[in-house]
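Shown next: final11.tsv, given as TSV, C-alpha atoms.
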chain	number	residue	atom	x	y	z
A	1	VAL	CA	10.76	-24.70	-0.96
A	2	ARG	CA	8.74	-26.13	1.88
A	3	VAL	CA	6.03	-23.98	3.35
A	4	SER	CA	3.64	-25.21	5.97
A	5	MET	CA	2.31	-22.84	8.57
A	6	GLU	CA	-0.72	-21.81	10.57
A	7	ALA	CA	-1.79	-18.24	9.89
A	8	GLY	CA	-5.05	-16.73	11.02
A	9	GLY	CA	-6.59	-20.19	11.37
A	10	ALA	CA	-5.95	-21.06	7.71
A	11	HIS	CA	-3.70	-24.11	7.32
A	12	GLN	CA	-1.77	-23.93	4.06
A	13	LYS	CA	-1.42	-27.39	2.54
A	14	ARG	CA	1.78	-28.71	1.03
A	15	CYS	CA	1.83	-30.55	-2.28
A	16	GLU	CA	4.23	-31.17	-5.13
A	17	GLY	CA	3.81	-29.35	-8.43
A	18	LYS	CA	5.56	-29.64	-11.78
A	19	ASN	CA	9.35	-29.94	-11.86
A	20	GLY	CA	9.57	-30.31	-8.13
A	21	ALA	CA	7.90	-26.98	-7.47
A	22	GLU	CA	5.55	-26.73	-4.56
A	23	THR	CA	2.10	-25.23	-4.50
A	24	VAL	CA	0.60	-23.48	-1.50
A	25	GLN	CA	-3.17	-23.41	-1.91
A	26	GLY	CA	-2.64	-23.65	-5.67
A	27	ILE	CA	0.11	-21.05	-5.92
A	28	VAL	CA	3.24	-22.40	-7.58
A	29	LYS	CA	6.61	-21.36	-6.17
A	30	THR	CA	9.58	-22.65	-8.14
A	31	ALA	CA	13.08	-23.01	-6.77
A	32	ASN	CA	14.41	-20.01	-8.68
A	33	GLY	CA	11.56	-17.80	-7.58
A	34	THR	CA	10.33	-16.92	-11.08
A	35	ASP	CA	6.97	-18.65	-11.37
A	36	PHE	CA	4.29	-17.17	-9.13
A	37	ALA	CA	0.55	-16.90	-9.35
A	38	TYR	CA	-1.34	-13.65	-9.75
A	39	LEU	CA	-4.53	-13.01	-7.87
A	40	THR	CA	-7.38	-11.08	-9.43
A	41	ALA	CA	-9.38	-8.55	-7.45
A	42	GLY	CA	-12.23	-11.07	-7.22
A	43	GLU	CA	-9.96	-13.77	-5.80
A	44	CYS	CA	-8.64	-11.33	-3.21
A	45	LEU	CA	-12.20	-10.47	-2.21
A	46	GLU	CA	-12.86	-14.15	-1.74
A	47	LEU	CA	-9.98	-14.27	0.73
A	48	LEU	CA	-11.57	-11.43	2.66
A	49	GLN	CA	-15.00	-13.04	2.56
A	50	ASN	CA	-13.53	-16.26	3.91
A	51	LYS	CA	-11.91	-14.22	6.67
A	52	ILE	CA	-8.42	-15.47	5.89
A	53	LYS	CA	-6.75	-12.66	7.80
A	54	ALA	CA	-3.26	-13.28	9.11
A	55	SER	CA	-2.27	-12.15	12.57
A	56	SER	CA	0.46	-9.60	11.92
A	57	GLU	CA	2.63	-11.24	14.56
A	58	GLU	CA	2.46	-14.71	12.95
A	59	VAL	CA	3.55	-14.28	9.33
A	60	GLU	CA	7.11	-13.05	8.98
A	61	LEU	CA	8.86	-14.24	5.84
A	62	LEU	CA	9.27	-16.76	3.09
A	63	GLN	CA	12.73	-17.41	1.69
A	64	LEU	CA	13.45	-19.31	-1.53
A	65	ARG	CA	16.78	-21.06	-0.93
A	66	ASP	CA	19.21	-18.14	-0.70
A	67	GLU	CA	17.00	-15.70	-2.58
A	68	ILE	CA	14.81	-13.12	-0.91
A	69	LEU	CA	11.34	-13.31	-2.39
A	70	VAL	CA	9.95	-10.08	-0.95
A	71	PRO	CA	12.50	-8.10	1.13
A	72	GLU	CA	9.79	-6.33	3.11
A	73	SER	CA	8.71	-9.73	4.50
A	74	PHE	CA	11.72	-9.91	6.77
A	75	SER	CA	11.42	-8.93	10.39
A	76	VAL	CA	14.03	-6.71	12.07
A	77	GLN	CA	17.46	-6.95	10.45
A	78	LYS	CA	20.77	-6.41	12.26
A	79	SER	CA	21.25	-3.02	10.61
A	80	GLU	CA	17.81	-1.97	11.90
A	81	GLU	CA	18.04	-3.21	15.48
A	82	GLU	CA	19.42	0.00	17.01
A	83	VAL	CA	16.64	2.24	15.66
A	84	TYR	CA	13.99	-0.40	16.34
A	85	GLN	CA	15.10	-0.68	19.99
A	86	LYS	CA	15.04	3.12	20.41
A	87	LEU	CA	11.43	3.17	19.23
A	88	GLN	CA	10.52	0.30	21.52
A	89	LYS	CA	12.15	1.98	24.51
A	90	LYS	CA	10.49	5.35	23.88
A	91	PHE	CA	6.99	4.20	22.91
A	92	GLY	CA	6.66	0.64	24.26
A	93	ASP	CA	4.36	-2.06	22.96
A	94	LYS	CA	1.23	-0.06	23.78
A	95	GLY	CA	2.29	3.00	21.80
A	96	LEU	CA	3.41	1.24	18.63
A	97	THR	CA	3.00	-2.30	17.37
A	98	HIS	CA	5.96	-4.48	16.44
A	99	HIS	CA	5.26	-4.03	12.73
A	100	GLN	CA	4.78	-0.29	13.03
A	101	ARG	CA	8.24	-0.05	14.59
A	102	ILE	CA	9.66	-2.02	11.65
A	103	GLU	CA	7.87	0.20	9.13
A	104	LEU	CA	9.00	3.40	10.87
A	105	THR	CA	12.58	2.12	11.00
A	106	ARG	CA	12.54	1.52	7.24
A	107	GLY	CA	10.38	4.44	6.21
A	108	TYR	CA	12.52	7.00	8.04
A	109	LYS	CA	15.92	5.36	7.46
A	110	ASN	CA	17.36	8.40	5.66
A	111	THR	CA	16.01	11.02	8.04
A	112	SER	CA	17.16	12.50	11.33
A	113	GLU	CA	16.31	10.91	14.67
A	114	GLU	CA	14.23	13.99	15.48
A	115	GLU	CA	12.07	13.49	12.38
A	116	LEU	CA	11.77	9.77	13.14
A	117	PHE	CA	10.49	10.44	16.65
A	118	GLU	CA	8.09	13.13	15.39
A	119	GLY	CA	6.65	10.62	12.93
A	120	ALA	CA	6.48	7.92	15.59
A	121	SER	CA	4.70	10.28	17.99
A	122	ALA	CA	2.13	11.17	15.33
A	123	LEU	CA	1.54	7.48	14.62
A	124	ALA	CA	1.21	6.61	18.31
A	125	LYS	CA	-1.37	9.38	18.72
A	126	TRP	CA	-3.23	8.13	15.62
A	127	ASN	CA	-3.28	4.63	17.15
A	128	LEU	CA	-5.14	5.99	20.16
A	129	GLU	CA	-7.57	8.23	18.30
A	130	ILE	CA	-8.26	6.25	15.11
A	131	GLY	CA	-5.98	3.27	14.49
A	132	TYR	CA	-6.48	0.22	12.30
A	133	LYS	CA	-9.65	-0.50	14.27
A	134	ILE	CA	-11.40	2.13	12.14
A	135	VAL	CA	-12.15	-0.59	9.56
A	136	ASP	CA	-14.23	-2.45	12.14
A	137	THR	CA	-16.59	0.46	12.75
A	138	LYS	CA	-19.76	1.26	10.82
A	139	ILE	CA	-19.52	3.25	7.60
A	140	THR	CA	-20.47	6.88	8.14
A	141	THR	CA	-21.80	9.61	5.86
A	142	GLU	CA	-18.31	11.11	5.93
A	143	ASP	CA	-16.88	7.84	4.62
A	144	GLU	CA	-19.43	7.75	1.80
A	145	ASN	CA	-18.74	11.36	0.85
A	146	PHE	CA	-15.01	10.78	0.89
A	147	GLY	CA	-15.29	7.61	-1.19
A	148	HIS	CA	-17.29	9.55	-3.78
A	149	CYS	CA	-14.66	12.30	-3.92
A	150	MET	CA	-11.64	10.00	-4.04
A	151	PRO	CA	-12.56	7.13	-6.38
A	152	GLU	CA	-9.51	4.88	-5.94
A	153	SER	CA	-9.98	1.25	-7.00
A	154	PHE	CA	-8.39	-2.14	-6.35
A	155	HIS	CA	-7.44	-4.43	-9.25
A	156	GLY	CA	-5.57	-7.55	-8.08
A	157	THR	CA	-1.90	-8.32	-7.37
A	158	ASP	CA	1.48	-8.50	-9.04
A	159	LYS	CA	3.39	-11.80	-9.13
A	160	PHE	CA	4.70	-11.31	-5.59
A	161	GLY	CA	1.28	-10.61	-4.08
A	162	HIS	CA	1.42	-6.80	-3.85
A	163	PRO	CA	-2.09	-5.35	-4.23
A	164	VAL	CA	-2.50	-3.00	-7.20
A	165	THR	CA	-4.61	0.14	-6.83
A	166	PHE	CA	-5.50	2.72	-9.46
A	167	MET	CA	-6.63	6.32	-9.47
A	168	ARG	CA	-7.13	8.93	-12.18
A	169	LEU	CA	-6.14	12.13	-10.43
A	170	SER	CA	-8.40	14.26	-12.64
A	171	GLU	CA	-11.30	12.51	-10.87
A	172	LEU	CA	-10.09	13.53	-7.40
A	173	LYS	CA	-12.78	16.00	-6.34
A	174	LEU	CA	-10.86	18.36	-4.07
A	175	LYS	CA	-13.53	21.03	-4.36
A	176	ASP	CA	-16.18	18.60	-3.07
A	177	ILE	CA	-13.86	17.37	-0.31
A	178	ARG	CA	-13.51	20.97	0.80
A	179	LYS	CA	-17.31	21.30	0.80
A	180	HIS	CA	-17.91	18.13	2.85
A	181	PHE	CA	-15.06	18.59	5.33
A	182	LYS	CA	-14.83	21.95	7.06
A	183	LYS	CA	-11.25	21.43	8.17
A	184	PRO	CA	-8.47	19.73	6.17
A	185	SER	CA	-7.64	17.53	9.16
A	186	ASN	CA	-11.16	16.04	8.99
A	187	VAL	CA	-10.12	13.91	5.99
A	188	THR	CA	-7.80	11.84	8.22
A	189	LYS	CA	-10.46	9.47	9.52
A	190	PRO	CA	-12.18	8.49	6.25
A	191	PHE	CA	-8.88	8.27	4.38
A	192	SER	CA	-7.51	6.06	7.16
A	193	ARG	CA	-10.46	3.72	6.64
A	194	MET	CA	-9.66	3.41	2.93
A	195	LEU	CA	-5.96	2.76	3.52
A	196	GLY	CA	-6.86	0.42	6.37
A	197	SER	CA	-9.07	-1.55	3.97
A	198	ILE	CA	-6.10	-2.00	1.63
A	199	LYS	CA	-4.10	-3.15	4.65
A	200	MET	CA	-6.75	-5.79	5.31
A	201	ILE	CA	-6.28	-7.07	1.76
A	202	LYS	CA	-2.55	-7.33	2.50
A	203	GLU	CA	-3.24	-9.31	5.66
A	204	ALA	CA	-5.52	-11.70	3.79
A	205	LEU	CA	-2.84	-12.13	1.12
A	206	SER	CA	-0.15	-12.65	3.77
A	207	SER	CA	-2.17	-15.46	5.29
A	208	HIS	CA	-2.84	-17.01	1.90
A	209	LEU	CA	0.73	-16.75	0.58
A	210	GLY	CA	2.59	-17.57	3.77
A	211	TYR	CA	4.77	-14.45	3.89
A	212	LYS	CA	4.23	-10.88	4.97
A	213	ILE	CA	2.90	-8.46	2.36
A	214	ARG	CA	3.54	-4.97	3.72
A	215	LYS	CA	3.34	-2.88	0.57
A	216	HIS	CA	1.11	-2.23	-2.41
A	217	ILE	CA	1.41	-0.74	-5.90
A	218	VAL	CA	-0.22	2.53	-6.94
A	219	ILE	CA	-0.99	3.40	-10.57
A	220	ALA	CA	-1.68	7.12	-10.89
A	221	ASP	CA	-3.08	8.33	-14.21
A	222	LEU	CA	-2.43	12.05	-14.75
A	223	LYS	CA	-4.37	12.33	-18.01
A	224	GLY	CA	-6.53	15.45	-17.96
A	225	LEU	CA	-5.10	16.60	-14.63
A	226	SER	CA	-5.43	20.30	-13.85
A	227	MET	CA	-2.88	21.59	-11.37
A	228	MET	CA	-5.21	24.53	-10.69
A	229	SER	CA	-7.46	22.34	-8.53
A	230	PHE	CA	-4.49	21.45	-6.31
A	231	ALA	CA	-3.39	25.10	-6.14
A	232	ARG	CA	-6.86	26.25	-5.07
A	233	ASN	CA	-7.23	23.50	-2.47
A	234	LYS	CA	-3.62	23.06	-1.39
A	235	ALA	CA	-4.43	22.72	2.32
A	236	TYR	CA	-6.68	19.75	1.57
A	237	ALA	CA	-4.20	18.26	-0.90
A	238	ARG	CA	-1.51	18.48	1.75
A	239	ALA	CA	-3.78	16.91	4.38
A	240	LEU	CA	-4.44	13.98	2.01
A	241	SER	CA	-0.72	13.45	1.41
A	242	GLN	CA	0.01	13.42	5.15
A	243	VAL	CA	-2.29	10.49	5.96
A	244	PRO	CA	-0.32	7.74	4.17
A	245	TYR	CA	3.03	9.35	5.01
A	246	LEU	CA	2.42	9.65	8.75
A	247	PHE	CA	0.09	6.75	9.55
A	248	PHE	CA	1.02	4.08	6.98
A	249	PRO	CA	4.81	4.45	6.69
A	250	ASP	CA	6.79	2.37	4.20
A	251	HIS	CA	3.58	0.99	2.67
A	252	VAL	CA	4.20	1.56	-1.06
A	253	TYR	CA	6.15	-0.86	-3.25
A	254	ARG	CA	5.98	1.23	-6.43
A	255	ILE	CA	4.14	4.27	-7.75
A	256	TYR	CA	3.61	4.30	-11.51
A	257	ILE	CA	2.89	7.79	-12.84
A	258	VAL	CA	1.23	7.47	-16.25
A	259	ASN	CA	0.39	10.16	-18.83
A	260	PRO	CA	2.24	13.01	-17.08
A	261	THR	CA	1.23	16.47	-18.26
A	262	LYS	CA	3.75	19.06	-19.49
A	263	ILE	CA	3.28	21.12	-16.33
A	264	PHE	CA	3.85	18.04	-14.18
A	265	ASN	CA	7.04	17.21	-16.08
A	266	MET	CA	8.32	20.75	-15.52
A	267	LEU	CA	7.53	20.61	-11.79
A	268	TRP	CA	8.94	17.09	-11.44
A	269	ALA	CA	12.25	18.11	-13.04
A	270	VAL	CA	12.70	20.59	-10.20
A	271	VAL	CA	11.13	18.68	-7.30
A	272	ARG	CA	13.02	15.42	-7.89
A	273	LYS	CA	16.28	17.19	-7.03
A	274	TRP	CA	15.09	17.46	-3.43
A	275	VAL	CA	13.39	14.09	-3.19
A	276	ASP	CA	15.18	11.42	-1.16
A	277	PRO	CA	16.91	8.87	-3.46
A	278	SER	CA	15.19	5.96	-1.71
A	279	THR	CA	11.83	7.57	-2.57
A	280	LEU	CA	12.81	8.05	-6.20
A	281	ASP	CA	13.62	4.34	-6.38
A	282	PHE	CA	9.95	3.35	-6.18
A	283	ILE	CA	8.52	6.11	-8.42
A	284	VAL	CA	8.32	5.10	-12.08
A	285	LYS	CA	7.26	7.78	-14.56
A	286	LEU	CA	5.72	6.42	-17.78
A	287	ASN	CA	4.75	8.55	-20.75
A	288	SER	CA	1.84	6.52	-22.11
A	289	ALA	CA	-0.41	3.52	-21.51
A	290	GLU	CA	1.38	1.68	-24.33
A	291	GLU	CA	4.78	2.08	-22.67
A	292	SER	CA	3.21	1.22	-19.34
A	293	LEU	CA	1.89	-2.15	-20.51
A	294	ARG	CA	5.38	-3.22	-21.55
A	295	ILE	CA	6.94	-2.08	-18.26
A	296	TRP	CA	4.18	-3.64	-16.17
A	297	LYS	CA	4.67	-6.96	-17.91
A	298	GLU	CA	8.41	-6.78	-17.16
A	299	HIS	CA	7.64	-5.95	-13.53
A	300	GLY	CA	5.25	-8.87	-13.10
A	301	ILE	CA	1.89	-7.11	-13.21
A	302	PRO	CA	-0.55	-9.11	-15.35
A	303	GLN	CA	-3.25	-7.58	-17.54
A	304	GLU	CA	-5.81	-9.04	-15.11
A	305	ALA	CA	-4.56	-6.53	-12.50
A	306	ILE	CA	-4.39	-3.55	-14.86
A	307	PRO	CA	-7.43	-1.26	-15.33
A	308	VAL	CA	-9.34	-1.51	-18.60
A	309	SER	CA	-8.74	2.22	-19.10
A	310	MET	CA	-4.99	1.53	-19.07
A	311	GLY	CA	-5.21	-1.31	-21.60
A	312	GLY	CA	-5.69	-4.13	-19.09
A	313	LYS	CA	-8.58	-6.44	-18.27
A	314	SER	CA	-9.59	-5.39	-14.75
A	315	LYS	CA	-12.77	-3.43	-14.12
A	316	GLY	CA	-11.64	-2.91	-10.55
A	317	ILE	CA	-13.41	-2.64	-7.22
A	318	PRO	CA	-13.80	0.78	-5.54
A	319	ILE	CA	-11.89	0.95	-2.26
A	320	ILE	CA	-15.01	2.29	-0.58
A	321	ASP	CA	-16.72	-1.01	-1.54
A	322	LEU	CA	-13.90	-2.91	0.22
A	323	ALA	CA	-14.50	-0.72	3.25
A	324	ARG	CA	-18.23	-1.51	3.17
A	325	MET	CA	-17.49	-5.24	2.96
A	326	ILE	CA	-15.15	-5.15	5.99
A	327	ALA	CA	-17.25	-2.83	8.16
A	328	PRO	CA	-20.03	-4.22	10.38
A	329	LYS	CA	-23.54	-3.83	8.99
Take the structure from the file and write it as structure tokens.
Amino acid sequence: VRVSMEAGGAHQKRCEGKNGAETVQGIVKTANGTDFAYLTAGECLELLQNKIKASSEEVELLQLRDEILVPESFSVQKSEEEVYQKLQKKFGDKGLTHHQRIELTRGYKNTSEEELFEGASALAKWNLEIGYKIVDTKITTEDENFGHCMPESFHGTDKFGHPVTFMRLSELKLKDIRKHFKKPSNVTKPFSRMLGSIKMIKEALSSHLGYKIRKHIVIADLKGLSMMSFARNKAYARALSQVPYLFFPDHVYRIYIVNPTKIFNMLWAVVRKWVDPSTLDFIVKLNSAEESLRIWKEHGIPQEAIPVSMGGKSKGIPIIDLARMIAPK
């Protein structure tokens, strides 16, 4: 594999590694695509601090011989061109970015055209009112309150470069969110900042690795979860679920659900019958941390990117701290 490109001002040097493999800024990529480096949360922060942020229009894909390294890295495929062109015709370059059109095309591939256009309209409106530029604005009291109520953390990457985030849902303070935000829709802006901060990590990784990282991994620990909190604050829970679905489409590589409760298992047995098969493909339900460690190892997630509470070695970095780092002082 030969990779040499300019991305966000960071020139990635080419050099030979062992057995003819090539390293890109120290990351080994073998011909069969099996030997990749992992980045810890601290190393990813260093990328941000060095402002290695790829322009979304510059980094498209990396291909290892005839093997696809990360399918999401590809730009528009032939099977996607018709839907992509419809979005471009209806919303133009000002309404939606090139990559948003790709993500909508893939995220809504099993839905009706009406639902696709509804989602695209919501995203275009979000671009005008909030957009990715939210990360470049000063942190507000609302952001701080939201970060306290939703303590999600970042822990590093898997072997392909997907960021790994973690959250224990029992620590999601829906009651406090309801107290701080008078209307459920008011959570959109601070939650967009948090998801936008994860997107910035992906852009830094894209620049560093030389191929587009669009998605990340979510580890959700259900230990101690009370469904009563969600039932009592369902309008706010729904508002939270809408932000990633509407404004960051096709952004999740896998969701690992760990320590599911009996009530969750009962609900999941019913709900999964109505969930789109393509969505089920990236949801992995694991019964315990012990089982999880084995599966994560098989899936290329090192212990350095797994929370200490899950048996790994990462202490993690709160997403709100990432937001503070990116935002102007």
query = So which one's closest to Ile130 in chain A, A:Tyr245, A:Phe191, A:Tyr108, A:Tyr84? Using only C-alpha atoms, please.
reply = A:Phe191
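Using all atoms listed in the file for every distance, the candidate list A:Pro260, A:His155, A:Lys179, A:Thr279 yields A:Thr279 as the residue closest to Lys109 in chain A.
Computed from the coordinates, the CA of Ile263 in chain A to CA of Met227 in chain A distance equals 7.9 Å.
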key: Surrounding residues of range 112-115 of chain A excluding itself and chain neighbours under 5 positions, 10 Å, all atoms listed in the file, as a ChimeraX atom specification   = /A:83,86,120-121
message = What's around Arg254 in chain A at 8 Å? Count only C-alpha atoms, leave out sequence neighbours fewer than 6 positions away in its own chain, and write the answer as an NGL selection string.
response = :A and (216-218 or 282-284)
remark   = note - CA of Leu174 in chain A and CA of Thr261 in chain A are separated by 18.7 Å
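Straight-line separation from CA of Lys212 in chain A to CA of Trp126 in chain A: 23.0 Å.
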query = Nearest to Tyr132 in chain A among A:Ser192, A:Asn259, A:Ser79, A:Ser207, with distances taken over only C-alpha atoms: which residue is it?
reply = A:Ser192
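Among the candidates A:Gly224, A:Gly95, A:Pro328, A:Gly316, the one nearest to Pro151 in chain A when counting only C-alpha atoms is A:Gly316.
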request  = Check the smallest atom-to-atom distance from each of A:Val252, A:Ala327, A:Ala269, A:Leu123 to Glu72 in chain A using all atoms listed in the file, then report the winner.
outcome  = A:Val252
Could you give me the axis-aligned bounding box of range 192-205 of chain A, with 3 Å of padding per side, as centre plus edge lengths in Å to one decimal, as AutoDock Vina command-line options?
--center_x -6.5 --center_y -3.0 --center_z 4.1 --size_x 13.9 --size_y 24.2 --size_z 12.0
inquiry  = Need to verify the contact set: range 137-139 of chain A, 10 Å, only C-alpha atoms, exclusion of same-chain residues closer than 3 positions in sequence. Can you return it as a ChimeraX atom specification?
reply    = /A:133-134,142-144,190,193,320,323-329
Range 44-46 of chain A surroundings by all atoms listed in the file, 9 Å radius, close-in-sequence under 3 positions cut, as a ChimeraX atom specification = /A:39-41,49-52,156-157,163,201,204-205,322
N, CA and C atoms modelled onto range 251-280 of chain A, as a PDB file, keeping the file's coordinate frame:
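The resulting part_39.pdb:
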ATOM      1  N   HIS A 251       4.672   1.873   3.095  1.00  0.00           N
ATOM      2  CA  HIS A 251       3.580   0.990   2.670  1.00  0.00           C
ATOM      3  C   HIS A 251       3.473   0.845   1.153  1.00  0.00           C
ATOM      4  N   VAL A 252       4.296   1.594   0.399  1.00  0.00           N
ATOM      5  CA  VAL A 252       4.200   1.560  -1.060  1.00  0.00           C
ATOM      6  C   VAL A 252       5.398   0.837  -1.671  1.00  0.00           C
ATOM      7  N   TYR A 253       5.104  -0.111  -2.548  1.00  0.00           N
ATOM      8  CA  TYR A 253       6.150  -0.860  -3.250  1.00  0.00           C
ATOM      9  C   TYR A 253       6.612  -0.074  -4.480  1.00  0.00           C
ATOM     10  N   ARG A 254       5.663   0.373  -5.280  1.00  0.00           N
ATOM     11  CA  ARG A 254       5.980   1.230  -6.430  1.00  0.00           C
ATOM     12  C   ARG A 254       4.802   2.151  -6.718  1.00  0.00           C
ATOM     13  N   ILE A 255       5.136   3.349  -7.221  1.00  0.00           N
ATOM     14  CA  ILE A 255       4.140   4.270  -7.750  1.00  0.00           C
ATOM     15  C   ILE A 255       4.435   4.451  -9.230  1.00  0.00           C
ATOM     16  N   TYR A 256       3.460   4.107 -10.065  1.00  0.00           N
ATOM     17  CA  TYR A 256       3.610   4.300 -11.510  1.00  0.00           C
ATOM     18  C   TYR A 256       2.823   5.549 -11.902  1.00  0.00           C
ATOM     19  N   ILE A 257       3.528   6.558 -12.382  1.00  0.00           N
ATOM     20  CA  ILE A 257       2.890   7.790 -12.840  1.00  0.00           C
ATOM     21  C   ILE A 257       2.751   7.708 -14.352  1.00  0.00           C
ATOM     22  N   VAL A 258       1.510   7.664 -14.829  1.00  0.00           N
ATOM     23  CA  VAL A 258       1.230   7.470 -16.250  1.00  0.00           C
ATOM     24  C   VAL A 258       0.617   8.729 -16.851  1.00  0.00           C
ATOM     25  N   ASN A 259       0.923   8.999 -18.103  1.00  0.00           N
ATOM     26  CA  ASN A 259       0.390  10.160 -18.830  1.00  0.00           C
ATOM     27  C   ASN A 259       0.677  11.489 -18.122  1.00  0.00           C
ATOM     28  N   PRO A 260       1.927  11.736 -17.747  1.00  0.00           N
ATOM     29  CA  PRO A 260       2.240  13.010 -17.080  1.00  0.00           C
ATOM     30  C   PRO A 260       2.013  14.192 -18.014  1.00  0.00           C
ATOM     31  N   THR A 261       1.471  15.263 -17.467  1.00  0.00           N
ATOM     32  CA  THR A 261       1.230  16.470 -18.260  1.00  0.00           C
ATOM     33  C   THR A 261       2.529  17.268 -18.396  1.00  0.00           C
ATOM     34  N   LYS A 262       2.546  18.231 -19.296  1.00  0.00           N
ATOM     35  CA  LYS A 262       3.750  19.060 -19.490  1.00  0.00           C
ATOM     36  C   LYS A 262       4.083  19.832 -18.222  1.00  0.00           C
ATOM     37  N   ILE A 263       3.049  20.357 -17.571  1.00  0.00           N
ATOM     38  CA  ILE A 263       3.280  21.120 -16.330  1.00  0.00           C
ATOM     39  C   ILE A 263       3.853  20.214 -15.257  1.00  0.00           C
ATOM     40  N   PHE A 264       3.314  18.977 -15.159  1.00  0.00           N
ATOM     41  CA  PHE A 264       3.850  18.040 -14.180  1.00  0.00           C
ATOM     42  C   PHE A 264       5.313  17.739 -14.462  1.00  0.00           C
ATOM     43  N   ASN A 265       5.647  17.509 -15.721  1.00  0.00           N
ATOM     44  CA  ASN A 265       7.040  17.210 -16.080  1.00  0.00           C
ATOM     45  C   ASN A 265       7.972  18.352 -15.692  1.00  0.00           C
ATOM     46  N   MET A 266       7.510  19.582 -15.891  1.00  0.00           N
ATOM     47  CA  MET A 266       8.320  20.750 -15.520  1.00  0.00           C
ATOM     48  C   MET A 266       8.519  20.800 -14.009  1.00  0.00           C
ATOM     49  N   LEU A 267       7.441  20.588 -13.253  1.00  0.00           N
ATOM     50  CA  LEU A 267       7.530  20.610 -11.790  1.00  0.00           C
ATOM     51  C   LEU A 267       8.391  19.456 -11.281  1.00  0.00           C
ATOM     52  N   TRP A 268       8.208  18.281 -11.879  1.00  0.00           N
ATOM     53  CA  TRP A 268       8.940  17.090 -11.440  1.00  0.00           C
ATOM     54  C   TRP A 268      10.441  17.245 -11.655  1.00  0.00           C
ATOM     55  N   ALA A 269      10.832  17.896 -12.747  1.00  0.00           N
ATOM     56  CA  ALA A 269      12.250  18.110 -13.040  1.00  0.00           C
ATOM     57  C   ALA A 269      12.927  18.904 -11.928  1.00  0.00           C
ATOM     58  N   VAL A 270      12.147  19.783 -11.305  1.00  0.00           N
ATOM     59  CA  VAL A 270      12.700  20.590 -10.200  1.00  0.00           C
ATOM     60  C   VAL A 270      12.588  19.855  -8.869  1.00  0.00           C
ATOM     61  N   VAL A 271      11.400  19.310  -8.599  1.00  0.00           N
ATOM     62  CA  VAL A 271      11.130  18.680  -7.300  1.00  0.00           C
ATOM     63  C   VAL A 271      12.014  17.463  -7.059  1.00  0.00           C
ATOM     64  N   ARG A 272      12.273  16.662  -8.083  1.00  0.00           N
ATOM     65  CA  ARG A 272      13.020  15.420  -7.890  1.00  0.00           C
ATOM     66  C   ARG A 272      14.429  15.660  -7.348  1.00  0.00           C
ATOM     67  N   LYS A 273      14.940  16.875  -7.532  1.00  0.00           N
ATOM     68  CA  LYS A 273      16.280  17.190  -7.030  1.00  0.00           C
ATOM     69  C   LYS A 273      16.319  17.194  -5.497  1.00  0.00           C
ATOM     70  N   TRP A 274      15.161  17.414  -4.887  1.00  0.00           N
ATOM     71  CA  TRP A 274      15.090  17.460  -3.430  1.00  0.00           C
ATOM     72  C   TRP A 274      14.450  16.219  -2.818  1.00  0.00           C
ATOM     73  N   VAL A 275      14.019  15.308  -3.682  1.00  0.00           N
ATOM     74  CA  VAL A 275      13.390  14.090  -3.190  1.00  0.00           C
ATOM     75  C   VAL A 275      14.457  13.085  -2.774  1.00  0.00           C
ATOM     76  N   ASP A 276      14.232  12.418  -1.649  1.00  0.00           N
ATOM     77  CA  ASP A 276      15.180  11.420  -1.160  1.00  0.00           C
ATOM     78  C   ASP A 276      15.379  10.320  -2.210  1.00  0.00           C
ATOM     79  N   PRO A 277      16.634   9.909  -2.450  1.00  0.00           N
ATOM     80  CA  PRO A 277      16.910   8.870  -3.460  1.00  0.00           C
ATOM     81  C   PRO A 277      16.130   7.579  -3.248  1.00  0.00           C
ATOM     82  N   SER A 278      15.927   7.193  -1.989  1.00  0.00           N
ATOM     83  CA  SER A 278      15.190   5.960  -1.710  1.00  0.00           C
ATOM     84  C   SER A 278      13.726   6.089  -2.129  1.00  0.00           C
ATOM     85  N   THR A 279      13.201   7.331  -2.107  1.00  0.00           N
ATOM     86  CA  THR A 279      11.830   7.570  -2.570  1.00  0.00           C
ATOM     87  C   THR A 279      11.769   7.505  -4.090  1.00  0.00           C
ATOM     88  N   LEU A 280      12.770   8.081  -4.744  1.00  0.00           N
ATOM     89  CA  LEU A 280      12.810   8.050  -6.200  1.00  0.00           C
ATOM     90  C   LEU A 280      12.874   6.624  -6.736  1.00  0.00           C
TER      91      LEU A 280
END
